[in-house]
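work.cif (mmCIF, C-alpha atoms) appears below.
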data_run
#
loop_
_atom_site.group_PDB
_atom_site.id
_atom_site.type_symbol
_atom_site.label_atom_id
_atom_site.label_comp_id
_atom_site.auth_asym_id
_atom_site.auth_seq_id
_atom_site.Cartn_x
_atom_site.Cartn_y
_atom_site.Cartn_z
ATOM 1 C CA MET L 1 -72.679 -34.151 23.670
ATOM 2 C CA ASP L 2 -74.226 -36.825 21.520
ATOM 3 C CA TYR L 3 -73.415 -37.788 18.023
ATOM 4 C CA ASP L 4 -76.483 -36.193 16.413
ATOM 5 C CA ASN L 5 -75.908 -32.895 18.111
ATOM 6 C CA ILE L 6 -72.262 -32.769 16.971
ATOM 7 C CA GLN L 7 -73.263 -33.860 13.486
ATOM 8 C CA THR L 8 -75.747 -30.972 13.343
ATOM 9 C CA LEU L 9 -73.112 -28.505 14.546
ATOM 10 C CA LEU L 10 -70.648 -29.838 11.969
ATOM 11 C CA GLU L 11 -73.157 -29.382 9.203
ATOM 12 C CA ARG L 12 -73.792 -25.806 10.325
ATOM 13 C CA TYR L 13 -69.998 -25.278 10.545
ATOM 14 C CA PHE L 14 -69.332 -26.501 7.020
ATOM 15 C CA GLU L 15 -72.227 -24.484 5.664
ATOM 16 C CA GLY L 16 -70.726 -21.445 7.319
ATOM 17 C CA ASN L 17 -73.740 -20.878 9.523
ATOM 18 C CA SER L 18 -72.261 -21.843 12.878
ATOM 19 C CA SER L 19 -71.997 -19.291 15.669
ATOM 20 C CA LEU L 20 -68.828 -18.689 17.671
ATOM 21 C CA ALA L 21 -70.382 -20.506 20.627
ATOM 22 C CA GLU L 22 -71.162 -23.532 18.431
ATOM 23 C CA GLU L 23 -67.624 -23.601 17.067
ATOM 24 C CA LYS L 24 -66.362 -23.452 20.621
ATOM 25 C CA HIS L 25 -68.466 -26.496 21.405
ATOM 26 C CA LEU L 26 -66.998 -28.330 18.464
ATOM 27 C CA LYS L 27 -63.436 -27.512 19.472
ATOM 28 C CA ALA L 28 -64.135 -28.634 23.015
ATOM 29 C CA TYR L 29 -65.655 -31.885 21.785
ATOM 30 C CA PHE L 30 -62.735 -32.767 19.570
ATOM 31 C CA GLN L 31 -60.258 -32.029 22.357
ATOM 32 C CA GLN L 32 -61.624 -35.034 24.264
ATOM 33 C CA LYS L 33 -59.694 -38.256 24.240
ATOM 34 C CA GLU L 34 -62.594 -40.436 23.288
ATOM 35 C CA ILE L 35 -65.045 -39.365 20.644
ATOM 36 C CA ASP L 36 -67.360 -41.134 18.273
ATOM 37 C CA PRO L 37 -65.153 -43.058 15.831
ATOM 38 C CA GLU L 38 -67.174 -41.801 12.884
ATOM 39 C CA LEU L 39 -66.283 -38.238 13.837
ATOM 40 C CA GLU L 40 -62.592 -39.016 14.298
ATOM 41 C CA VAL L 41 -61.937 -37.837 10.769
ATOM 42 C CA TYR L 42 -62.745 -34.239 11.797
ATOM 43 C CA ARG L 43 -60.557 -34.224 14.881
ATOM 44 C CA SER L 44 -57.394 -32.947 13.197
ATOM 45 C CA LEU L 45 -59.249 -29.948 11.820
ATOM 46 C CA PHE L 46 -60.369 -28.673 15.200
ATOM 47 C CA VAL L 47 -57.310 -29.766 17.156
ATOM 48 C CA TRP L 48 -55.098 -27.930 14.647
ATOM 49 C CA GLN L 49 -57.127 -24.765 15.134
ATOM 50 C CA VAL L 50 -56.690 -24.943 18.889
ATOM 51 C CA GLU L 51 -52.976 -25.633 18.601
ATOM 52 C CA GLU L 52 -52.462 -22.780 16.161
ATOM 53 C CA GLN L 53 -54.285 -20.387 18.441
ATOM 54 C CA ALA L 54 -51.809 -21.289 21.179
ATOM 55 C CA VAL L 55 -48.907 -20.288 18.988
ATOM 56 C CA SER L 56 -47.832 -16.711 19.696
ATOM 57 C CA LEU L 57 -45.128 -14.423 18.349
ATOM 58 C CA SER L 58 -41.932 -13.883 20.283
ATOM 59 C CA ARG L 59 -41.605 -10.604 22.127
ATOM 60 C CA ASP L 60 -38.866 -9.294 19.854
ATOM 61 C CA PHE L 61 -40.641 -10.366 16.673
ATOM 62 C CA LYS L 62 -41.807 -6.854 15.931
ATOM 63 C CA ASP L 63 -38.364 -5.320 16.508
ATOM 64 C CA ASN L 64 -36.667 -7.951 14.347
ATOM 65 C CA LEU L 65 -39.200 -7.468 11.611
ATOM 66 C CA LEU L 66 -38.673 -3.702 11.621
ATOM 67 C CA LEU L 67 -34.884 -4.150 11.496
ATOM 68 C CA GLU L 68 -35.182 -6.484 8.520
ATOM 69 C CA ILE L 69 -37.438 -4.044 6.729
ATOM 70 C CA GLU L 70 -34.990 -1.187 7.370
ATOM 71 C CA ALA L 71 -32.052 -3.266 6.083
ATOM 72 C CA GLU L 72 -34.041 -4.172 3.003
ATOM 73 C CA GLN L 73 -34.851 -0.532 2.425
ATOM 74 C CA LYS L 74 -31.134 0.424 2.685
ATOM 75 C CA VAL L 75 -30.049 -2.199 0.156
ATOM 76 C CA GLY L 76 -32.898 -1.122 -2.018
ATOM 77 C CA PHE L 77 -31.684 2.466 -1.907
ATOM 78 C CA VAL L 78 -28.128 1.533 -3.020
ATOM 79 C CA ARG L 79 -29.489 -0.607 -5.845
ATOM 80 C CA ARG L 80 -31.897 2.097 -6.919
ATOM 81 C CA PHE L 81 -29.056 4.665 -6.713
ATOM 82 C CA LEU L 82 -26.662 2.630 -8.861
ATOM 83 C CA ARG L 83 -29.328 1.949 -11.450
ATOM 84 C CA HIS L 84 -28.791 5.392 -12.995
ATOM 85 C CA PRO L 85 -25.654 5.916 -15.160
ATOM 86 C CA MET L 86 -25.032 9.349 -13.626
ATOM 87 C CA SER L 87 -25.115 7.829 -10.164
ATOM 88 C CA ARG L 88 -22.595 5.211 -11.216
ATOM 89 C CA ALA L 89 -20.327 7.915 -12.609
ATOM 90 C CA ALA L 90 -20.658 9.827 -9.334
ATOM 91 C CA ALA L 91 -19.760 6.696 -7.360
ATOM 92 C CA VAL L 92 -16.640 6.153 -9.497
ATOM 93 C CA LEU L 93 -15.700 9.811 -9.016
ATOM 94 C CA VAL L 94 -16.035 9.473 -5.242
ATOM 95 C CA LEU L 95 -13.906 6.314 -5.348
ATOM 96 C CA LEU L 96 -11.172 7.979 -7.417
ATOM 97 C CA THR L 97 -11.214 11.052 -5.178
ATOM 98 C CA GLY L 98 -10.775 8.770 -2.192
ATOM 99 C CA MET L 99 -7.824 7.013 -3.818
ATOM 100 C CA TRP L 100 -6.246 10.344 -4.756
ATOM 101 C CA TRP L 101 -6.712 11.586 -1.207
ATOM 102 C CA ALA L 102 -5.111 8.413 0.179
ATOM 103 C CA TYR L 103 -2.192 8.832 -2.233
ATOM 104 C CA GLN L 104 -1.688 12.496 -1.319
ATOM 105 C CA THR L 105 -1.878 11.795 2.390
ATOM 106 C CA ASP L 106 0.617 9.003 2.085
ATOM 107 C CA THR L 107 3.006 10.987 -0.090
ATOM 108 C CA ALA L 108 2.888 13.799 2.432
ATOM 109 C CA MET L 109 3.708 11.284 5.133
ATOM 110 C CA VAL L 110 6.697 10.066 3.142
ATOM 111 C CA ASP L 111 7.908 13.565 2.330
ATOM 112 C CA GLU L 112 7.312 15.110 5.722
ATOM 113 C CA GLY L 113 6.755 12.228 8.128
ATOM 114 C CA VAL L 114 9.802 10.160 7.299
ATOM 115 C CA THR L 115 12.133 13.098 6.948
ATOM 116 C CA ALA L 116 10.604 14.538 10.094
ATOM 117 C CA GLU L 117 11.844 11.478 11.967
ATOM 118 C CA ILE L 118 15.341 12.367 10.893
ATOM 119 C CA ASN L 119 15.604 16.112 10.734
ATOM 120 C CA TRP L 120 17.625 16.149 7.541
ATOM 121 C CA GLU L 121 17.518 19.918 7.254
ATOM 122 C CA GLN L 122 20.037 20.263 10.055
ATOM 123 C CA TYR L 123 22.571 18.476 7.852
ATOM 124 C CA GLU L 124 22.081 20.786 4.880
ATOM 125 C CA PRO L 125 24.929 23.085 3.842
ATOM 126 C CA LYS L 126 24.505 26.676 4.935
ATOM 127 C CA THR L 127 25.099 28.192 1.521
ATOM 128 C CA LYS L 128 24.109 27.277 -2.013
ATOM 129 C CA GLU L 129 27.721 27.379 -3.113
ATOM 130 C CA GLU L 130 28.664 24.871 -0.439
ATOM 131 C CA ALA L 131 25.771 22.641 -1.575
ATOM 132 C CA LEU L 132 27.023 22.814 -5.143
ATOM 133 C CA THR L 133 30.574 21.933 -4.094
ATOM 134 C CA ILE L 134 29.369 18.952 -2.055
ATOM 135 C CA THR L 135 27.107 17.774 -4.860
ATOM 136 C CA ARG L 136 29.872 18.195 -7.442
ATOM 137 C CA ASN L 137 32.391 16.229 -5.360
ATOM 138 C CA ALA L 138 29.866 13.469 -4.688
ATOM 139 C CA MET L 139 28.830 13.251 -8.328
ATOM 140 C CA VAL L 140 32.450 13.200 -9.512
ATOM 141 C CA MET L 141 33.162 10.352 -7.124
ATOM 142 C CA LEU L 142 30.051 8.490 -8.321
ATOM 143 C CA SER L 143 30.976 9.057 -11.928
ATOM 144 C CA LYS L 144 34.583 7.915 -11.512
ATOM 145 C CA GLU L 145 33.583 4.755 -9.671
ATOM 146 C CA LEU L 146 30.868 4.037 -12.200
ATOM 147 C CA ASN L 147 33.310 4.443 -15.079
ATOM 148 C CA ARG L 148 35.963 2.403 -13.281
ATOM 149 C CA GLY L 149 33.473 -0.454 -12.947
ATOM 150 C CA THR L 150 32.269 -0.101 -16.518
ATOM 151 C CA ALA L 151 35.837 -0.040 -17.835
ATOM 152 C CA ARG L 152 36.632 -3.180 -15.875
ATOM 153 C CA VAL L 153 33.560 -4.924 -17.207
ATOM 154 C CA ALA L 154 34.498 -3.870 -20.759
ATOM 155 C CA LYS L 155 38.025 -5.197 -20.221
ATOM 156 C CA GLU L 156 36.689 -8.514 -18.990
ATOM 157 C CA VAL L 157 34.356 -8.760 -21.974
ATOM 158 C CA VAL L 158 37.303 -8.215 -24.347
ATOM 159 C CA LYS L 159 39.265 -10.918 -22.503
ATOM 160 C CA VAL L 160 36.399 -13.363 -22.765
ATOM 161 C CA ARG L 161 36.019 -12.632 -26.487
ATOM 162 C CA GLN L 162 39.732 -13.163 -27.042
ATOM 163 C CA LEU L 163 39.598 -16.456 -25.170
ATOM 164 C CA GLY L 164 36.668 -17.450 -27.342
ATOM 165 C CA ARG L 165 38.683 -16.749 -30.483
ATOM 166 C CA ILE L 166 41.657 -18.762 -29.205
ATOM 167 C CA ASP L 167 39.403 -21.697 -28.391
ATOM 168 C CA GLN L 168 37.981 -21.604 -31.889
ATOM 169 C CA MET V 1 -13.279 -2.476 -1.605
ATOM 170 C CA VAL V 2 -12.602 1.255 -1.426
ATOM 171 C CA PHE V 3 -10.331 0.684 1.555
ATOM 172 C CA LEU V 4 -8.556 -2.176 -0.224
ATOM 173 C CA LEU V 5 -7.869 0.056 -3.212
ATOM 174 C CA MET V 6 -6.764 2.873 -0.941
ATOM 175 C CA GLY V 7 -4.442 0.437 0.786
ATOM 176 C CA ALA V 8 -2.982 -0.628 -2.539
ATOM 177 C CA VAL V 9 -2.391 2.973 -3.584
ATOM 178 C CA SER V 10 -0.964 3.703 -0.189
ATOM 179 C CA GLY V 11 1.377 0.738 -0.422
ATOM 180 C CA LEU V 12 2.648 1.741 -3.847
ATOM 181 C CA SER V 13 3.354 5.260 -2.798
ATOM 182 C CA ALA V 14 5.091 4.390 0.433
ATOM 183 C CA GLN V 15 8.730 4.800 -0.593
ATOM 184 C CA ALA V 16 11.574 6.067 1.486
ATOM 185 C CA ASN V 17 15.263 6.334 0.836
ATOM 186 C CA ALA V 18 17.590 3.579 1.962
ATOM 187 C CA ILE V 19 19.204 5.619 4.716
ATOM 188 C CA ASP V 20 15.874 6.426 6.358
ATOM 189 C CA LYS V 21 14.902 2.825 5.991
ATOM 190 C CA TYR V 22 18.015 0.893 6.975
ATOM 191 C CA PHE V 23 20.571 3.273 8.435
ATOM 192 C CA LYS V 24 18.632 5.618 10.655
ATOM 193 C CA GLN V 25 20.869 4.886 13.613
ATOM 194 C CA TYR V 26 24.028 5.898 11.725
ATOM 195 C CA VAL V 27 22.704 9.448 11.368
ATOM 196 C CA ASP V 28 22.717 9.884 15.144
ATOM 197 C CA ASP V 29 25.995 8.003 15.515
ATOM 198 C CA GLU V 30 28.782 10.390 16.522
ATOM 199 C CA ASN V 31 31.281 8.380 14.481
ATOM 200 C CA PHE V 32 29.537 9.463 11.273
ATOM 201 C CA SER V 33 29.693 12.701 9.323
ATOM 202 C CA VAL V 34 26.359 13.448 7.690
ATOM 203 C CA VAL V 35 25.583 15.692 4.735
ATOM 204 C CA TYR V 36 22.228 16.268 3.089
ATOM 205 C CA VAL V 37 21.317 18.211 -0.017
ATOM 206 C CA GLY V 38 17.561 18.573 -0.306
ATOM 207 C CA PRO V 39 15.083 19.368 -3.086
ATOM 208 C CA THR V 40 15.259 23.134 -2.578
ATOM 209 C CA LEU V 41 18.990 23.208 -3.267
ATOM 210 C CA PHE V 42 18.594 20.882 -6.249
ATOM 211 C CA LYS V 43 15.910 23.185 -7.617
ATOM 212 C CA TRP V 44 18.300 26.088 -7.260
ATOM 213 C CA MET V 45 20.992 24.159 -9.136
ATOM 214 C CA LYS V 46 18.500 23.300 -11.864
ATOM 215 C CA ASN V 47 17.564 26.946 -12.270
ATOM 216 C CA MET V 48 21.231 27.860 -12.262
ATOM 217 C CA GLY V 49 21.674 25.465 -15.173
ATOM 218 C CA LYS V 50 19.118 27.424 -17.203
ATOM 219 C CA GLU V 51 20.928 30.701 -16.719
ATOM 220 C CA ASP V 52 23.449 31.777 -19.285
ATOM 221 C CA ASN V 53 26.758 31.783 -17.459
ATOM 222 C CA ASP V 54 29.969 31.842 -19.434
ATOM 223 C CA GLU V 55 32.120 31.481 -16.322
ATOM 224 C CA ARG V 56 30.729 28.095 -15.445
ATOM 225 C CA ASP V 57 32.906 25.122 -16.396
ATOM 226 C CA SER V 58 31.753 22.094 -18.329
ATOM 227 C CA GLU V 59 32.185 19.857 -15.275
ATOM 228 C CA THR V 60 29.622 21.887 -13.318
ATOM 229 C CA ASP V 61 27.285 21.796 -16.303
ATOM 230 C CA ALA V 62 27.577 18.013 -16.440
ATOM 231 C CA VAL V 63 26.886 17.765 -12.694
ATOM 232 C CA ILE V 64 23.824 20.002 -12.968
ATOM 233 C CA LYS V 65 22.534 17.951 -15.899
ATOM 234 C CA ALA V 66 22.983 14.704 -13.945
ATOM 235 C CA VAL V 67 21.089 15.968 -10.887
ATOM 236 C CA GLU V 68 18.351 17.723 -12.847
ATOM 237 C CA ASP V 69 15.629 15.474 -11.419
ATOM 238 C CA ALA V 70 17.298 14.648 -8.114
ATOM 239 C CA GLN V 71 15.328 15.062 -4.913
ATOM 240 C CA GLY V 72 17.832 14.290 -2.198
ATOM 241 C CA LEU V 73 21.493 13.486 -1.695
ATOM 242 C CA ARG V 74 22.507 11.911 1.598
ATOM 243 C CA ILE V 75 26.099 11.072 2.439
ATOM 244 C CA LEU V 76 27.263 9.305 5.567
ATOM 245 C CA THR V 77 30.974 8.747 6.151
ATOM 246 C CA THR V 78 33.070 7.392 8.965
ATOM 247 C CA ASP V 79 36.703 6.491 9.528
ATOM 248 C CA VAL V 80 35.932 4.452 12.648
ATOM 249 C CA ASN V 81 35.644 0.689 12.150
ATOM 250 C CA PRO V 82 34.900 0.996 8.419
ATOM 251 C CA ARG V 83 34.948 -2.744 7.814
ATOM 252 C CA GLN V 84 32.401 -3.388 10.551
ATOM 253 C CA TYR V 85 30.004 -0.752 9.208
ATOM 254 C CA TYR V 86 30.476 -1.969 5.657
ATOM 255 C CA ASP V 87 29.599 -5.571 6.535
ATOM 256 C CA GLU V 88 26.658 -4.385 8.614
ATOM 257 C CA ALA V 89 25.354 -2.187 5.805
ATOM 258 C CA LYS V 90 25.552 -4.985 3.269
ATOM 259 C CA SER V 91 23.607 -7.339 5.504
ATOM 260 C CA LYS V 92 20.841 -4.817 6.116
ATOM 261 C CA ILE V 93 19.844 -3.880 2.581
ATOM 262 C CA SER V 94 17.068 -5.889 1.020
ATOM 263 C CA THR V 95 18.316 -7.195 -2.319
ATOM 264 C CA LYS V 96 14.677 -7.579 -3.355
ATOM 265 C CA GLU V 97 14.260 -3.833 -3.170
ATOM 266 C CA TYR V 98 17.743 -2.737 -4.214
ATOM 267 C CA GLU V 99 19.329 -4.415 -7.181
ATOM 268 C CA LEU V 100 23.079 -4.770 -7.250
ATOM 269 C CA LEU V 101 24.171 -2.830 -10.328
ATOM 270 C CA MET V 102 27.915 -3.066 -10.058
ATOM 271 C CA THR V 103 30.734 -4.110 -7.761
ATOM 272 C CA VAL V 104 34.212 -2.698 -8.144
ATOM 273 C CA ARG V 105 36.826 -4.491 -6.107
ATOM 274 C CA SER V 106 40.487 -3.470 -5.934
ATOM 275 C CA LYS V 107 43.461 -5.621 -5.068
ATOM 276 C CA ASP V 108 44.171 -3.531 -1.985
ATOM 277 C CA GLY V 109 40.765 -4.427 -0.518
ATOM 278 C CA ASP V 110 38.821 -1.346 -1.547
ATOM 279 C CA ASN V 111 35.268 -2.172 -2.450
ATOM 280 C CA VAL V 112 32.544 -0.140 -4.096
ATOM 281 C CA GLU V 113 29.023 -1.390 -4.650
ATOM 282 C CA PHE V 114 26.349 0.353 -6.675
ATOM 283 C CA LEU V 115 22.802 -0.613 -5.857
ATOM 284 C CA GLY V 116 19.714 0.776 -7.504
ATOM 285 C CA LYS V 117 16.046 0.976 -6.787
ATOM 286 C CA LEU V 118 14.700 0.529 -10.276
ATOM 287 C CA LYS V 119 11.419 1.434 -11.877
ATOM 288 C CA GLY V 120 11.414 0.004 -15.373
ATOM 289 C CA ASP V 121 14.537 1.343 -17.067
ATOM 290 C CA ALA V 122 14.775 4.329 -14.757
ATOM 291 C CA VAL V 123 16.758 4.481 -11.529
ATOM 292 C CA GLU V 124 14.744 5.982 -8.664
ATOM 293 C CA GLU V 125 17.513 5.789 -6.131
ATOM 294 C CA LEU V 126 21.202 5.115 -6.518
ATOM 295 C CA LEU V 127 22.952 3.782 -3.471
ATOM 296 C CA LEU V 128 26.703 3.573 -3.172
ATOM 297 C CA ILE V 129 28.414 1.611 -0.446
ATOM 298 C CA SER V 130 32.129 2.041 -0.383
ATOM 299 C CA ILE V 131 34.923 0.868 1.852
ATOM 300 C CA GLY V 132 38.503 1.970 1.634
ATOM 301 C CA GLU V 133 41.492 1.425 3.870
ATOM 302 C CA GLU V 134 40.470 4.282 6.102
ATOM 303 C CA SER V 135 36.822 5.064 5.575
ATOM 304 C CA PHE V 136 33.339 3.801 4.935
ATOM 305 C CA VAL V 137 30.966 5.817 2.722
ATOM 306 C CA LEU V 138 27.257 5.431 2.290
ATOM 307 C CA LEU V 139 25.692 7.610 -0.387
ATOM 308 C CA SER V 140 22.068 7.753 -1.443
ATOM 309 C CA LEU V 141 20.900 9.819 -4.397
ATOM 310 C CA VAL V 142 17.124 9.894 -4.807
ATOM 311 C CA GLY V 143 15.299 11.066 -7.928
ATOM 312 C CA LEU V 144 14.912 10.074 -11.530
ATOM 313 C CA LEU V 145 18.484 9.411 -12.528
ATOM 314 C CA ASP V 146 20.248 8.650 -15.769
ATOM 315 C CA LEU V 147 23.448 6.677 -15.238
ATOM 316 C CA ALA V 148 24.780 7.843 -18.615
ATOM 317 C CA ASP V 149 24.574 11.465 -17.429
ATOM 318 C CA ILE V 150 26.436 10.559 -14.234
ATOM 319 C CA SER V 151 29.076 8.728 -16.224
ATOM 320 C CA LYS V 152 29.675 11.794 -18.442
ATOM 321 C CA ILE V 153 30.792 13.919 -15.486
ATOM 322 C CA ALA V 154 34.143 12.088 -15.264
ATOM 323 C CA ASP V 155 34.649 12.580 -19.005
ATOM 324 C CA GLU V 156 34.311 16.332 -18.538
ATOM 325 C CA ILE V 157 37.041 16.328 -15.904
ATOM 326 C CA GLU V 158 39.460 14.459 -18.113
ATOM 327 C CA GLU V 159 38.993 16.870 -21.004
#

Would you mind giving the structure from this file in structure tokens?
Amino acid sequence: MDYDNIQTLLERYFEGNSSLAEEKHLKAYFQQKEIDPELEVYRSLFVWQVEEQAVSLSRDFKDNLLLEIEAEQKVGFVRRFLRHPMSRAAAVLVLLTGMWWAYQTDTAMVDEGVTAEINWEQYEPKTKEEALTITRNAMVMLSKELNRGTARVAKEVVKVRQLGRIDQ
Amino acid sequence: MVFLLMGAVSGLSAQANAIDKYFKQYVDDENFSVVYVGPTLFKWMKNMGKEDNDERDSETDAVIKAVEDAQGLRILTTDVNPRQYYDEAKSKISTKEYELLMTVRSKDGDNVEFLGKLKGDAVEELLLISIGEESFVLLSLVGLLDLADISKIADEIEE
């Protein structure tokens, strides 16, 4: 294809009057290794077009795009939901209910689960009177020991004070 | 975040008595005598305290007052190798969890230790570890306890 012919096709191309067949000719011309040096300036334009046409989307592009859109929609929903004060209050309520539930479940585990490991009930006195006697004896012992310790501490404090006075 | 908060709540609420925690094996040990007074019996005692009963002595009244908010009393005793069990018990209890409130030591080798699981000024669990010449005693009293009320019981006996 000679220079004049290409020049004519280029003019038609830039005026927007070229046909698809003529544009195909131009692309084919500029794909050649050696072209008229004066037309070299247009090469990148037509080579770029050919290269871009060769670029295709990956097979999973559509799936990935749909997944991203879905994720975006989910985030969007949460943000839209929390935008309203009532929704925020509801979310806090759900959170507190969850915490209360966790606390209750755990307390039940402590009360029933731990004691279930050791069946403490089998060690309970058979009668209320027996329970009272055991409790009274235990509490008397606790009280006496507690007072014995307190009395000793008080005695030591008095001794220390007396020593302090002597030193002075 | 919800799960973290739930975990925190869960962690705070997870409390057991010292015997369940450290001395589970003693309960099944044939050398030990075990006694337990549970919440139902304490509730009965509390209700008994509200009733007008002229026959009841002041000592019983003081006991009922002291255990008003108690939830469980567990007593383990043995007269077999008391020293060994005493040393073992002392090494097992976490001093981070149970604060040593008082030690009473006698010249004849008797030893009594009061440990408490504290929550602010209140005692949530009082633990007594005692060794005498012939026996070892482990006592755990769980509930909101007032040491002053416990102390008053001995005063009632003396009167």

Name the residues captured by the PyMOL selection byres ((chain L and resi 46-57) around 9) when it is applied to the shown file; answer as a compact mmCIF listing (two decimals) with C-alpha atoms, in the coordinates of the input.
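Result file follows (out10.txt):
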# COMPACT_ATOMS: atom_id res chain seq x y z
CA LEU L 26 -67.00 -28.33 18.46
CA LYS L 27 -63.44 -27.51 19.47
CA ALA L 28 -64.14 -28.63 23.02
CA PHE L 30 -62.74 -32.77 19.57
CA GLN L 31 -60.26 -32.03 22.36
CA TYR L 42 -62.74 -34.24 11.80
CA ARG L 43 -60.56 -34.22 14.88
CA SER L 44 -57.39 -32.95 13.20
CA LEU L 45 -59.25 -29.95 11.82
CA SER L 58 -41.93 -13.88 20.28
CA ARG L 59 -41.60 -10.60 22.13
CA ASP L 60 -38.87 -9.29 19.85
CA PHE L 61 -40.64 -10.37 16.67
CA LYS L 62 -41.81 -6.85 15.93

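Between atom CA of V:Arg105 and atom CA of L:Arg152 lies a distance of 9.9 Å.
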
Using the chain letters and numbers from this file, what does the PyMOL selection byres ((chain V and resi 36) around 7) select? Give the answer as a PyMOL selection string.
(chain L and resi 120+123-124) or (chain V and resi 34-35+37-38+73-75)

Resulting file, chosen residues, C-alpha atoms, as a CSV table (one decimal), in the frame of the given file:
chain,number,residue,atom,x,y,z
L,120,TRP,CA,17.6,16.1,7.5
L,123,TYR,CA,22.6,18.5,7.9
L,124,GLU,CA,22.1,20.8,4.9
V,34,VAL,CA,26.4,13.4,7.7
V,35,VAL,CA,25.6,15.7,4.7
V,37,VAL,CA,21.3,18.2,0.0
V,38,GLY,CA,17.6,18.6,-0.3
V,73,LEU,CA,21.5,13.5,-1.7
V,74,ARG,CA,22.5,11.9,1.6
V,75,ILE,CA,26.1,11.1,2.4

Closest atom pairs, chain L residues within 8 Å of chain V, all atoms listed in the file, as JSON lines:
{"residue": "L:Leu95", "atom": "CA", "partner": "V:Val2", "partner_atom": "CA", "distance": 6.5}
{"residue": "L:Gly98", "atom": "CA", "partner": "V:Met6", "partner_atom": "CA", "distance": 7.2}
{"residue": "L:Met99", "atom": "CA", "partner": "V:Met6", "partner_atom": "CA", "distance": 5.2}
{"residue": "L:Ala102", "atom": "CA", "partner": "V:Met6", "partner_atom": "CA", "distance": 5.9}
{"residue": "L:Tyr103", "atom": "CA", "partner": "V:Ser10", "partner_atom": "CA", "distance": 5.7}
{"residue": "L:Asp106", "atom": "CA", "partner": "V:Ser10", "partner_atom": "CA", "distance": 6.0}
{"residue": "L:Thr107", "atom": "CA", "partner": "V:Ser13", "partner_atom": "CA", "distance": 6.3}
{"residue": "L:Val110", "atom": "CA", "partner": "V:Ala14", "partner_atom": "CA", "distance": 6.5}
{"residue": "L:Val114", "atom": "CA", "partner": "V:Asp20", "partner_atom": "CA", "distance": 7.2}
{"residue": "L:Thr115", "atom": "CA", "partner": "V:Asp20", "partner_atom": "CA", "distance": 7.7}
{"residue": "L:Ile118", "atom": "CA", "partner": "V:Asp20", "partner_atom": "CA", "distance": 7.5}
{"residue": "L:Trp120", "atom": "CA", "partner": "V:Tyr36", "partner_atom": "CA", "distance": 6.4}
{"residue": "L:Glu121", "atom": "CA", "partner": "V:Tyr36", "partner_atom": "CA", "distance": 7.3}
{"residue": "L:Tyr123", "atom": "CA", "partner": "V:Val35", "partner_atom": "CA", "distance": 5.2}
{"residue": "L:Glu124", "atom": "CA", "partner": "V:Tyr36", "partner_atom": "CA", "distance": 4.9}
{"residue": "L:Pro125", "atom": "CA", "partner": "V:Val37", "partner_atom": "CA", "distance": 7.2}
{"residue": "L:Lys128", "atom": "CA", "partner": "V:Leu41", "partner_atom": "CA", "distance": 6.7}
{"residue": "L:Ala131", "atom": "CA", "partner": "V:Val37", "partner_atom": "CA", "distance": 6.5}
{"residue": "L:Leu132", "atom": "CA", "partner": "V:Met45", "partner_atom": "CA", "distance": 7.4}
{"residue": "L:Thr135", "atom": "CA", "partner": "V:Val37", "partner_atom": "CA", "distance": 7.6}
{"residue": "L:Arg136", "atom": "CA", "partner": "V:Val63", "partner_atom": "CA", "distance": 6.1}
{"residue": "L:Met139", "atom": "CA", "partner": "V:Val63", "partner_atom": "CA", "distance": 6.6}
{"residue": "L:Val140", "atom": "CA", "partner": "V:Ala154", "partner_atom": "CA", "distance": 6.1}
{"residue": "L:Leu142", "atom": "CA", "partner": "V:Ile150", "partner_atom": "CA", "distance": 7.2}
{"residue": "L:Ser143", "atom": "CA", "partner": "V:Ser151", "partner_atom": "CA", "distance": 4.7}
{"residue": "L:Lys144", "atom": "CA", "partner": "V:Ala154", "partner_atom": "CA", "distance": 5.6}
{"residue": "L:Glu145", "atom": "CA", "partner": "V:Val112", "partner_atom": "CA", "distance": 7.5}
{"residue": "L:Leu146", "atom": "CA", "partner": "V:Ser151", "partner_atom": "CA", "distance": 6.4}
{"residue": "L:Asn147", "atom": "CA", "partner": "V:Ser151", "partner_atom": "CA", "distance": 6.1}
{"residue": "L:Arg148", "atom": "CA", "partner": "V:Val104", "partner_atom": "CA", "distance": 7.4}
{"residue": "L:Gly149", "atom": "CA", "partner": "V:Val104", "partner_atom": "CA", "distance": 5.4}

For L:Tyr3, please output as a list of chain:residue names all residues within 9 Å (counting all atoms listed in the file; exclusion window: fewer than 4 positions along the same chain).
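So the residues in contact are L:Gln7, L:Thr8, L:Ile35, L:Asp36, L:Leu39.
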
What would the selection look like, as a list in words, if the PyMOL selection byres ((chain L and resi 22) around 12) were run on the coordinates I just shared?
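Selected by the PyMOL selection byres ((chain L and resi 22) around 12) in this file: Met1, Asn5, Ile6, Gln7, Thr8, Leu9, Leu10, Glu11, Arg12, Tyr13, Phe14, Gly16, Asn17, Ser18, Ser19, Leu20, Ala21, Glu23, Lys24, His25, Leu26, Lys27, Ala28 and Tyr29 of chain L.
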
I'd like the contact shell of V:Ala122 - 12 Å cut-off, all atoms listed in the file, skipping same-chain residues fewer than 3 positions apart - returned as number ranges by chain.
V: 69, 116-119, 125-126, 142-148
